[in-house]
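These notes concern the structure reproduced below.
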Amino acid sequence: MFIDALGEFRSDWLLAGKAETTIDFYVNLLHVLGAENPSPSLHTVKTWVGAAATVPIRRKRAQAVRAFGRWSESIGDNDFPWWRNLPVPTEAERPQPTATQADFDVGLNVLSSCRDRAVLSVLWGCGLRRSEVANLAVSDVNVTDGMMVVRSSKTGKPRVVPMPPSTVRSVRRHLRGWNEQSLFALTTNGIRLMLRRNGLLPAHAWRRGWAVHSLRSGVSEVSVRSAAGWSSGAMVARYTRALSAELAMDEFQRSWKQFGHVDA
C-alpha cells in the first residue's frame, strides 16, 4: 500500500528544505485516503477530493495526492501513475489587505508606547509572522549590525532577517530600560489584540506589505524569499499577484533609468 511509503516521502520533503507543517498536513490527509482506499484509482481519488466540505480542503487533498504522486514517480515507484490527471480545484481569490507606508505612518502616530511602535516596526520592516515576533528574545536582535535571528518558523529552520534603520531605531528605543528576556513579552494573541485595539491592519497584512514594498524598492525575489523564510517563489507570487503590473512598471522604469532609456 502507498501509505507504507509516507515516512520516506516526509523525510525526502524535509531534506529538500520544504515546510514541515505542509508535509505533516499532506501526510495526515494521505493517511485518511489510505484508510478509505488502500489502492486508490484516479476515479476514487476524484470522488474523495470532491467529498470534502469546502474548496480549500478539496484543494489540499488534491495537492497532497499530486505531491505524493510526483515524489513517487521521481523515485521510480509510481504509486499514482495518474497523478498528473488529477485536477486541483480552483478557489476564487479574495482581496487581501496589504499594508503600505502610509498605514505604517498612521500606526506610529496611533500607538502610544515604545514597545508597540517597535512591534509594528518589526512587522513592517522585517516581514515576520505574528508567531515569530512573539517568540523573539532580546538575544536574537543585533541592533549594531541591523539584523535579527528568527529561531523558529514554519519551515523549522532558523534564518537571519535584516532590519532597516527605522526598525533598528524603534527597537533600540524600546530596549532602553527593558529587563525582560523576551523582546516584547507579548503572545501571538496579545499582538493581534494590540493591532485590533488601535484600529490597525492584522499582522499578515504587514507581511504582505513588506514583501510588496521590498520588491518595489528593488530587492530581489531571492532575497525576499530568504528573509521571509519561504522555500519557493510561490508565496511571493501569491502575495504580489494583485500588484504584479505595478511592480513590473516600477522595475522597467528603474532599468530604463539605469541604461539611459530616457527622453532627452
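Residue names in the C-alpha cells use chain letters A, B, ... in the order shown, residue numbers from 1 in each chain, and ligand numbers from 1 in the order shown.
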Margin query: as number ranges by chain, please: the residues near A:Tyr26 (cut-off 8 Å, only C-alpha atoms, same-chain neighbours under 5 positions excluded).
Written below: A: 60-61, 63-65
Note to self: Using only C-alpha atoms, which protein or nucleic acid residues come within 10 Å of stretch 97-100 of chain A? Drop anything in the same chain fewer than 5 positions from it, and give the result as a list in words.
What the structure shows: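 Surrounding residues, per the criterion: Asp105, Val106, Trp124, Leu200, Leu201, Pro202, Ala203, His204, Ala205, Trp206, Arg207, Arg208, Gly209, Trp210, Ala211, Val212, His213, Tyr239 and Thr240 of chain A.
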Output file for the selection above: C-alpha atoms, as a compact mmCIF listing (two decimals), in the first residue's frame:
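Output saved as result-v4.txt:
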# COMPACT_ATOMS: atom_id res chain seq x y z
CA ASP A 105 2.99 56.19 9.38
CA VAL A 106 -0.56 56.25 10.75
CA TRP A 124 6.50 46.36 8.60
CA LEU A 200 -4.52 48.72 12.62
CA LEU A 201 -4.32 46.06 9.95
CA PRO A 202 -3.71 42.43 11.04
CA ALA A 203 -0.18 41.08 11.18
CA HIS A 204 -0.31 39.23 7.86
CA ALA A 205 -1.25 42.43 6.04
CA TRP A 206 2.06 43.91 7.24
CA ARG A 207 3.94 40.84 6.00
CA ARG A 208 2.31 41.17 2.59
CA GLY A 209 3.06 44.89 2.56
CA TRP A 210 6.70 44.25 3.47
CA ALA A 211 7.06 41.81 0.55
CA VAL A 212 5.48 44.20 -1.95
CA HIS A 213 7.40 47.22 -0.66
CA TYR A 239 1.35 37.95 -2.13
CA THR A 240 2.15 40.20 -5.07
Would you list the contacts of A:Met148 as a PDB file with N, CA and C atoms, in the first residue's frame, taking every protein, DNA or RNA residue within 12 Å and counting only C-alpha atoms, but skipping same-chain residues closer than 6 positions in sequence?
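part-v7.pdb was written with the following content:
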ATOM      1  N   VAL A 122       8.814  46.111  13.466  1.00  0.00           N
ATOM      2  CA  VAL A 122       9.323  44.792  13.083  1.00  0.00           C
ATOM      3  C   VAL A 122       8.392  44.132  12.060  1.00  0.00           C
ATOM      4  N   GLY A 125       8.924  46.385   8.849  1.00  0.00           N
ATOM      5  CA  GLY A 125      10.288  46.475   8.343  1.00  0.00           C
ATOM      6  C   GLY A 125      10.969  45.146   8.101  1.00  0.00           C
ATOM      7  N   CYS A 126      10.438  44.066   8.704  1.00  0.00           N
ATOM      8  CA  CYS A 126      11.108  42.763   8.606  1.00  0.00           C
ATOM      9  C   CYS A 126      10.217  41.649   8.056  1.00  0.00           C
ATOM     10  N   GLY A 127       8.917  41.887   7.992  1.00  0.00           N
ATOM     11  CA  GLY A 127       8.021  40.901   7.399  1.00  0.00           C
ATOM     12  C   GLY A 127       7.855  39.629   8.194  1.00  0.00           C
ATOM     13  N   LEU A 128       7.993  39.692   9.507  1.00  0.00           N
ATOM     14  CA  LEU A 128       7.885  38.486  10.319  1.00  0.00           C
ATOM     15  C   LEU A 128       6.426  38.081  10.510  1.00  0.00           C
ATOM     16  N   GLU A 132       6.371  34.550  15.017  1.00  0.00           N
ATOM     17  CA  GLU A 132       7.817  34.783  15.045  1.00  0.00           C
ATOM     18  C   GLU A 132       8.154  36.015  15.876  1.00  0.00           C
ATOM     19  N   VAL A 133       7.323  37.039  15.763  1.00  0.00           N
ATOM     20  CA  VAL A 133       7.536  38.241  16.580  1.00  0.00           C
ATOM     21  C   VAL A 133       7.363  37.899  18.057  1.00  0.00           C
ATOM     22  N   ASN A 135       7.893  35.153  19.539  1.00  0.00           N
ATOM     23  CA  ASN A 135       8.948  34.264  20.043  1.00  0.00           C
ATOM     24  C   ASN A 135      10.329  34.913  20.091  1.00  0.00           C
ATOM     25  N   LEU A 136      10.460  36.146  19.637  1.00  0.00           N
ATOM     26  CA  LEU A 136      11.768  36.795  19.643  1.00  0.00           C
ATOM     27  C   LEU A 136      12.256  37.047  21.070  1.00  0.00           C
ATOM     28  N   ALA A 137      13.536  36.754  21.279  1.00  0.00           N
ATOM     29  CA  ALA A 137      14.195  37.097  22.537  1.00  0.00           C
ATOM     30  C   ALA A 137      15.101  38.301  22.312  1.00  0.00           C
ATOM     31  N   VAL A 138      15.434  39.000  23.377  1.00  0.00           N
ATOM     32  CA  VAL A 138      16.337  40.144  23.248  1.00  0.00           C
ATOM     33  C   VAL A 138      17.662  39.709  22.626  1.00  0.00           C
ATOM     34  N   SER A 139      18.122  38.494  22.981  1.00  0.00           N
ATOM     35  CA  SER A 139      19.394  37.995  22.454  1.00  0.00           C
ATOM     36  C   SER A 139      19.348  37.685  20.963  1.00  0.00           C
ATOM     37  N   ASP A 140      18.142  37.649  20.385  1.00  0.00           N
ATOM     38  CA  ASP A 140      18.008  37.375  18.948  1.00  0.00           C
ATOM     39  C   ASP A 140      18.235  38.619  18.091  1.00  0.00           C
ATOM     40  N   VAL A 141      18.314  39.768  18.725  1.00  0.00           N
ATOM     41  CA  VAL A 141      18.380  41.038  17.992  1.00  0.00           C
ATOM     42  C   VAL A 141      19.753  41.667  18.130  1.00  0.00           C
ATOM     43  N   ASN A 142      20.319  42.060  17.004  1.00  0.00           N
ATOM     44  CA  ASN A 142      21.618  42.742  16.982  1.00  0.00           C
ATOM     45  C   ASN A 142      21.401  44.115  16.349  1.00  0.00           C
ATOM     46  N   PRO A 158      16.055  28.053  11.325  1.00  0.00           N
ATOM     47  CA  PRO A 158      16.320  29.450  11.689  1.00  0.00           C
ATOM     48  C   PRO A 158      16.743  30.251  10.467  1.00  0.00           C
ATOM     49  N   ARG A 159      16.591  31.554  10.540  1.00  0.00           N
ATOM     50  CA  ARG A 159      17.024  32.413   9.442  1.00  0.00           C
ATOM     51  C   ARG A 159      17.422  33.775   9.986  1.00  0.00           C
ATOM     52  N   VAL A 160      18.236  34.478   9.241  1.00  0.00           N
ATOM     53  CA  VAL A 160      18.662  35.825   9.596  1.00  0.00           C
ATOM     54  C   VAL A 160      17.840  36.815   8.780  1.00  0.00           C
ATOM     55  N   VAL A 161      17.310  37.829   9.445  1.00  0.00           N
ATOM     56  CA  VAL A 161      16.465  38.822   8.786  1.00  0.00           C
ATOM     57  C   VAL A 161      17.073  40.210   8.981  1.00  0.00           C
ATOM     58  N   PRO A 162      17.327  40.944   7.890  1.00  0.00           N
ATOM     59  CA  PRO A 162      17.859  42.309   8.028  1.00  0.00           C
ATOM     60  C   PRO A 162      16.807  43.250   8.613  1.00  0.00           C
ATOM     61  N   MET A 163      17.266  44.214   9.385  1.00  0.00           N
ATOM     62  CA  MET A 163      16.383  45.247   9.919  1.00  0.00           C
ATOM     63  C   MET A 163      16.727  46.582   9.264  1.00  0.00           C
ATOM     64  N   PRO A 164      15.744  47.292   8.710  1.00  0.00           N
ATOM     65  CA  PRO A 164      16.022  48.618   8.169  1.00  0.00           C
ATOM     66  C   PRO A 164      16.337  49.593   9.299  1.00  0.00           C
ATOM     67  N   THR A 167      13.586  50.478  11.802  1.00  0.00           N
ATOM     68  CA  THR A 167      13.253  49.422  12.760  1.00  0.00           C
ATOM     69  C   THR A 167      14.317  49.332  13.840  1.00  0.00           C
ATOM     70  N   VAL A 168      15.582  49.478  13.460  1.00  0.00           N
ATOM     71  CA  VAL A 168      16.672  49.469  14.437  1.00  0.00           C
ATOM     72  C   VAL A 168      16.453  50.570  15.473  1.00  0.00           C
ATOM     73  N   VAL A 171      13.489  49.636  17.820  1.00  0.00           N
ATOM     74  CA  VAL A 171      13.844  48.561  18.749  1.00  0.00           C
ATOM     75  C   VAL A 171      14.818  49.068  19.801  1.00  0.00           C
ATOM     76  N   LEU A 183      11.756  39.714  23.820  1.00  0.00           N
ATOM     77  CA  LEU A 183      11.929  41.045  23.225  1.00  0.00           C
ATOM     78  C   LEU A 183      10.724  41.937  23.482  1.00  0.00           C
ATOM     79  N   ALA A 227      14.613  36.174   3.440  1.00  0.00           N
ATOM     80  CA  ALA A 227      14.250  36.902   4.655  1.00  0.00           C
ATOM     81  C   ALA A 227      12.890  36.474   5.189  1.00  0.00           C
TER      82      ALA A 227
END
Next item on the list: Considering only C-alpha atoms, state which residue in the set A:Arg10, A:His43, A:Arg176, A:Arg117 is at the smallest distance from A:Val27.
Entry: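 Closest candidate: A:Arg10.
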Next item on the list: Could you jot down the atom CA of A:Asp116 to atom CA of A:Asn198 separation for me, Å, one decimal place?
Entry: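 These two atoms are separated by 10.2 Å.
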Next item on the list: Measuring atom to atom with only C-alpha atoms, identify which of A:Ala118, A:Val88, A:Ile3, A:Ala185 is nearest to A:Pro56.
Entry: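 The shortest atom-to-atom distance to A:Pro56 comes from A:Val88.
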Notebook entry, point to check: Nearest to A:Met147 among A:Leu195, A:Thr188, A:Arg66, A:Pro165, with distances taken over only C-alpha atoms: which residue is it?
Noted result: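 The answer is A:Pro165, which sits nearest to A:Met147.
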Note to self: Just to confirm, what's the straight-line distance from atom CA of A:Val110 to atom CA of A:Leu186 in Å (one decimal)?
What the structure shows: 18.7 Å
Notebook entry, point to check: In terms of the shortest atom-to-atom distance over only C-alpha atoms, which of A:Leu30, A:Ala102, A:Val224, A:Val219 is closest to A:Gly7?
Noted result: A:Leu30
Pick out each residue of stretch 2-242 of chain A that DSSP on the backbone tags as helix (DSSP H, G or I); I need them as a CSV table (one decimal) with C-alpha atoms, in the first residue's frame.
chain,number,residue,atom,x,y,z
A,2,PHE,CA,1.1,3.5,-0.7
A,3,ILE,CA,0.8,4.6,2.9
A,4,ASP,CA,3.9,2.4,3.7
A,5,ALA,CA,6.0,5.0,1.8
A,6,LEU,CA,4.7,8.1,3.6
A,7,GLY,CA,7.5,8.1,6.1
A,8,GLU,CA,10.1,8.2,3.3
A,9,PHE,CA,8.0,10.8,1.4
A,10,ARG,CA,8.1,13.0,4.5
A,11,SER,CA,11.8,12.6,5.1
A,12,ASP,CA,12.7,13.5,1.5
A,13,TRP,CA,10.4,16.5,1.7
A,14,LEU,CA,12.2,17.8,4.7
A,15,LEU,CA,15.6,17.1,3.2
A,20,GLU,CA,7.4,20.8,7.9
A,21,THR,CA,3.8,22.0,8.6
A,22,THR,CA,2.9,21.4,5.0
A,23,ILE,CA,4.2,17.9,4.7
A,24,ASP,CA,2.6,16.9,8.0
A,25,PHE,CA,-0.7,18.2,6.8
A,26,TYR,CA,-0.3,16.3,3.5
A,27,VAL,CA,0.7,13.0,5.2
A,28,ASN,CA,-2.3,13.2,7.5
A,29,LEU,CA,-4.6,13.7,4.6
A,30,LEU,CA,-2.9,10.8,2.7
A,31,HIS,CA,-3.4,8.5,5.8
A,32,VAL,CA,-7.1,9.3,5.6
A,33,LEU,CA,-7.2,8.5,1.9
A,34,GLY,CA,-5.3,5.2,2.6
A,35,ALA,CA,-7.7,4.2,5.3
A,36,GLU,CA,-10.7,4.7,2.9
A,42,LEU,CA,-8.0,8.2,-10.3
A,43,HIS,CA,-11.8,7.8,-10.1
A,44,THR,CA,-11.8,7.0,-6.3
A,45,VAL,CA,-9.4,9.9,-5.6
A,46,LYS,CA,-11.5,12.4,-7.6
A,47,THR,CA,-14.5,11.2,-5.5
A,48,TRP,CA,-12.5,11.6,-2.3
A,49,VAL,CA,-11.3,15.1,-3.2
A,50,GLY,CA,-14.8,16.1,-4.2
A,55,VAL,CA,-13.0,24.3,-1.6
A,56,PRO,CA,-9.8,24.9,0.5
A,57,ILE,CA,-9.9,21.3,1.8
A,58,ARG,CA,-10.6,19.9,-1.6
A,59,ARG,CA,-7.6,21.8,-2.9
A,60,LYS,CA,-5.4,20.5,-0.1
A,61,ARG,CA,-6.5,16.9,-0.7
A,62,ALA,CA,-5.7,17.2,-4.4
A,63,GLN,CA,-2.3,18.9,-3.7
A,64,ALA,CA,-1.4,16.2,-1.2
A,65,VAL,CA,-2.1,13.4,-3.7
A,66,ARG,CA,-0.3,15.2,-6.5
A,67,ALA,CA,2.8,15.9,-4.3
A,68,PHE,CA,3.0,12.3,-3.3
A,69,GLY,CA,2.5,11.1,-6.9
A,70,ARG,CA,5.2,13.4,-8.2
A,71,TRP,CA,7.6,12.2,-5.5
A,72,SER,CA,6.7,8.5,-6.1
A,73,GLU,CA,7.3,8.9,-9.8
A,74,SER,CA,10.7,10.6,-9.1
A,83,TRP,CA,-1.4,11.9,-10.6
A,84,ARG,CA,-1.0,14.4,-13.4
A,85,ASN,CA,-4.6,13.9,-14.4
A,101,GLN,CA,4.0,53.1,4.1
A,102,ALA,CA,1.0,55.4,4.7
A,103,ASP,CA,-0.5,52.7,7.0
A,104,PHE,CA,2.7,52.4,8.9
A,105,ASP,CA,3.0,56.2,9.4
A,106,VAL,CA,-0.6,56.3,10.7
A,107,GLY,CA,0.3,53.4,13.1
A,108,LEU,CA,3.3,55.1,14.6
A,109,ASN,CA,1.0,58.1,15.3
A,110,VAL,CA,-1.7,56.0,16.9
A,114,CYS,CA,7.7,52.4,22.5
A,115,ARG,CA,7.1,48.7,22.7
A,116,ASP,CA,4.1,48.8,20.5
A,117,ARG,CA,5.8,51.0,18.0
A,118,ALA,CA,8.7,48.6,17.9
A,119,VAL,CA,6.4,45.7,17.3
A,120,LEU,CA,4.8,47.5,14.4
A,121,SER,CA,8.3,48.4,13.0
A,122,VAL,CA,9.3,44.8,13.1
A,123,LEU,CA,6.1,43.7,11.3
A,124,TRP,CA,6.5,46.4,8.6
A,125,GLY,CA,10.3,46.5,8.3
A,126,CYS,CA,11.1,42.8,8.6
A,130,ARG,CA,3.0,37.1,14.2
A,131,SER,CA,4.2,34.0,16.0
A,132,GLU,CA,7.8,34.8,15.0
A,133,VAL,CA,7.5,38.2,16.6
A,134,ALA,CA,6.1,36.8,19.8
A,135,ASN,CA,8.9,34.3,20.0
A,138,VAL,CA,16.3,40.1,23.2
A,139,SER,CA,19.4,38.0,22.5
A,140,ASP,CA,18.0,37.4,18.9
A,165,PRO,CA,17.4,51.7,10.0
A,166,SER,CA,13.9,52.8,11.1
A,167,THR,CA,13.3,49.4,12.8
A,168,VAL,CA,16.7,49.5,14.4
A,169,ARG,CA,15.9,52.9,15.9
A,170,SER,CA,12.5,51.7,17.2
A,171,VAL,CA,13.8,48.6,18.7
A,172,ARG,CA,16.7,50.4,20.3
A,173,ARG,CA,14.4,53.0,21.9
A,174,HIS,CA,12.2,50.1,23.2
A,175,LEU,CA,15.1,48.3,24.8
A,188,THR,CA,0.6,36.0,19.4
A,189,ASN,CA,-2.9,36.8,20.7
A,190,GLY,CA,-1.5,39.9,22.5
A,191,ILE,CA,-0.1,41.2,19.2
A,192,ARG,CA,-3.4,40.5,17.5
A,193,LEU,CA,-5.3,42.4,20.2
A,194,MET,CA,-2.8,45.3,20.2
A,195,LEU,CA,-3.3,45.8,16.5
A,196,ARG,CA,-7.1,45.5,16.6
A,197,ARG,CA,-7.4,47.7,19.6
A,203,ALA,CA,-0.2,41.1,11.2
A,204,HIS,CA,-0.3,39.2,7.9
A,205,ALA,CA,-1.2,42.4,6.0
A,206,TRP,CA,2.1,43.9,7.2
A,207,ARG,CA,3.9,40.8,6.0
A,208,ARG,CA,2.3,41.2,2.6
A,209,GLY,CA,3.1,44.9,2.6
A,210,TRP,CA,6.7,44.2,3.5
A,211,ALA,CA,7.1,41.8,0.5
A,212,VAL,CA,5.5,44.2,-2.0
A,213,HIS,CA,7.4,47.2,-0.7
A,214,SER,CA,10.7,45.3,-0.8
A,215,LEU,CA,10.2,44.2,-4.4
A,216,ARG,CA,9.1,47.6,-5.4
A,221,GLU,CA,12.9,37.9,-5.2
A,222,VAL,CA,15.6,35.6,-3.9
A,223,SER,CA,16.4,37.9,-1.0
A,224,VAL,CA,12.8,38.4,-0.2
A,225,ARG,CA,12.3,34.6,-0.1
A,226,SER,CA,15.3,34.2,2.2
A,227,ALA,CA,14.2,36.9,4.7
A,228,ALA,CA,10.6,35.7,4.7
A,234,ALA,CA,5.0,30.5,-4.8
A,235,MET,CA,4.3,32.7,-1.8
A,236,VAL,CA,6.0,35.7,-3.3
A,237,ALA,CA,3.7,35.3,-6.4
A,238,ARG,CA,0.7,34.9,-4.2
A,239,TYR,CA,1.3,38.0,-2.1
A,240,THR,CA,2.1,40.2,-5.1
A,241,ARG,CA,-0.2,38.9,-7.8
A,242,ALA,CA,-2.7,41.7,-7.4
Check: If you run DSSP on the backbone, which residues of stretch 151-206 of chain A are strand (DSSP E or B), as a PyMOL selection string?
Finding: chain A and resi 159-162+182
Check: Expressed in Å to a single decimal, how great is the separation between atom CA of A:Ser153 and atom CA of A:Gly229?
Finding: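 We find that atom CA of A:Ser153 and atom CA of A:Gly229 lie 7.5 Å from each other.
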